[in-house]
Amino acid sequence: MTTLDHPARDGTDGDGPVRPPARIPFPVVDEVARHCLQEEEPETVHIEVHLPGRLDPDRLRRAFTGALHRHPRILMREARRPWYGRRYEWELTPEADVEAVLFPPPDRDALKHARDRALQDAPPLSASPPIRLEVVLDPDADDTVLFLTINHTALDGPACLRVLATAAELYGGRDNSPAAPPTRTTAEVPSAVDAPSTWAPPARVAHGAPEPSPGNGMLVAEFGVPRRPKGSPYTVNDQLMVATALMITHWNREHGARPRPLRITMPVDDRTRDTDMPIGNGTRLVEVPFAPEELDASDMAALLRRTADRTRALKALPRPQLGHGAALLTAPVVPVAWRAAFTRGLRRAAGPWTSTTLLSNIGRIPYALDFGEGAGRAHAVWFSAPARMPRGLTVTTASTAGRLHVAFRWSRTLLSHGDGSHLRDLFEHYLHATEHATESAP
């Protein structure tokens, strides 16, 4: 991911000439996302941070503005281009074009309305920065809830969380340096992994009771972090992967779908979490396959070990963010408008081969997100990833203060809120089953 420490200033330095803002070409991930934008299902990432106290509006605005300047790669907008332009480009700006910190008026359903806005209203790419921070008072508690809405064409969740951690440090004066990553005791990466073929189109999430309105729906839940014996060959991420696979298998069986292989997309993020973390879309995507006969909850320990072998091998495999083919799609040899039309057509044609769902496990939140006296330290953090069809369902997890926070997000053309509640119950059941398997595993 291309990063710049300091954008060029759109102005004069003393008597020097006026310089236009610096420009950088869209990276591959950004360009593919920009090609495939849809008004019906905006590509937003939602982050929801719960604090036990209240924040001072002016002080928060100053802190967040300071954080944007500490990470200037976030101060960007899509540059104008002629019709024959061969690239999309980001234009780095010295200041924000719009006020990024908003304080919507309180109301009884404030949290629901803020979640709806995070799914339906993407910050425009034409104004810097392409993010929005809403400060909402929880009507049922004395909490403050921060809603970060990110245009996913420009940024991902971990990068924006890094910026928020800097804002927390500037606001409260507390150290918000990232904690050391947990020590892993898993086995070495296997030299060869037994995995089912990926040539067949994977299973789709069966339709439930779709709603008439387009867009995404979402449900958030809080569970205990699943237990596992120390030294287990699998991680919490593998338990989450198995619970997701079994949840969809159970759901599809209930809805009469024929058993088919599952493929679950898993983002892998190798970036550091300190202040030098590259800001942008920095994860690479891998797909974890499952054959129908493997998804048997009666032999949970074997399923967990098999999943762990595959996820370790996939994480260790060097691979471009979107695979080798994406680089060819974004080669600037013809006008970008032509490439956009071709990419959209290719995406529609490849729809049957798109993975079944996406599981994005952020893991343990590495920052304290401590805003100091009066506001306090975050005790819950939820993320959600876009859920556009043909997947139509994503599961995003993170852990804070010893609790697992899970967001289920779906396309309304596939599922309803009642369907989301049932999927949450299935996920909780199978996540709990992984704990019983670890207790009986040799």
# chains A, B, ... in the order shown; residues from 1 in each chain; ligands from 1

call {"tool": "residues_around", "arguments": {"residues": "stretch 139-146 of chain A", "least_positions_apart": "6", "cutoff": "9 Å", "atoms": "only C-alpha atoms", "output": "JSON, numbers by chain"}}
result
{"A": [47, 48, 49, 50, 51, 52, 53, 54, 55, 106, 107, 108, 109, 110, 111, 133, 375]}

call {"tool": "closest_atom_pairs", "arguments": {"of": "stretch 337-393 of chain A", "to": "stretch 230-245 of chain A", "cutoff": "10 Å", "atoms": "only C-alpha atoms", "output": "CSV"}}
result
residue,atom,partner,partner_atom,distance
A:Thr356,CA,A:Ala245,CA,9.3
A:Thr357,CA,A:Thr244,CA,8.8
A:Leu358,CA,A:Thr244,CA,9.2
A:Leu359,CA,A:Met241,CA,7.0
A:Ser360,CA,A:Asn237,CA,9.3
A:Asn361,CA,A:Asn237,CA,6.7
A:Ile362,CA,A:Asn237,CA,9.3
A:Gly363,CA,A:Asn237,CA,7.7

call {"tool": "atom_distance", "arguments": {"atom1": "atom CA of A:Arg260", "atom2": "atom CA of A:Met389"}}
result
18.3 Å

call {"tool": "residues_around", "arguments": {"residues": "stretch 279-282 of chain A", "least_positions_apart": "6", "cutoff": "8 Å", "atoms": "only C-alpha atoms", "output": "list of chain:residue names"}}
result
A:Met1, A:Thr3, A:Val29, A:Asp30, A:His71, A:Arg73, A:Ile74, A:His152, A:Thr153, A:Ala154, A:Leu155, A:Asp156, A:Ala159, A:Cys160, A:Asp269, A:Arg271, A:Gln321

call {"tool": "atom_distance", "arguments": {"atom1": "atom CA of A:Leu415", "atom2": "atom CA of A:Pro210"}}
result
4.5 Å

call {"tool": "residues_around", "arguments": {"residues": "A:Pro226", "least_positions_apart": "3", "cutoff": "7 Å", "atoms": "only C-alpha atoms", "output": "PyMOL selection string"}}
result
chain A and resi 236+431-432+435

call {"tool": "residues_around", "arguments": {"residues": "A:Val286", "least_positions_apart": "3", "cutoff": "7 Å", "atoms": "only C-alpha atoms", "output": "PyMOL selection string"}}
result
chain A and resi 265-267+314

call {"tool": "write_last_selection", "arguments": {"atoms": "C-alpha atoms", "output": "PDB file, in the first residue's frame"}}
result
ATOM      1  CA  THR A 265     -13.180 -15.428   2.529  1.00  0.00           C
ATOM      2  CA  MET A 266     -10.799 -14.432   5.321  1.00  0.00           C
ATOM      3  CA  PRO A 267      -8.939 -11.089   5.313  1.00  0.00           C
ATOM      4  CA  LEU A 314      -3.144 -19.695   3.568  1.00  0.00           C
TER       5      LEU A 314
END

call {"tool": "residues_around", "arguments": {"residues": "A:Phe64", "least_positions_apart": "4", "cutoff": "7 Å", "atoms": "only C-alpha atoms", "output": "list of chain:residue names"}}
result
A:Leu60, A:Leu68, A:Ala167
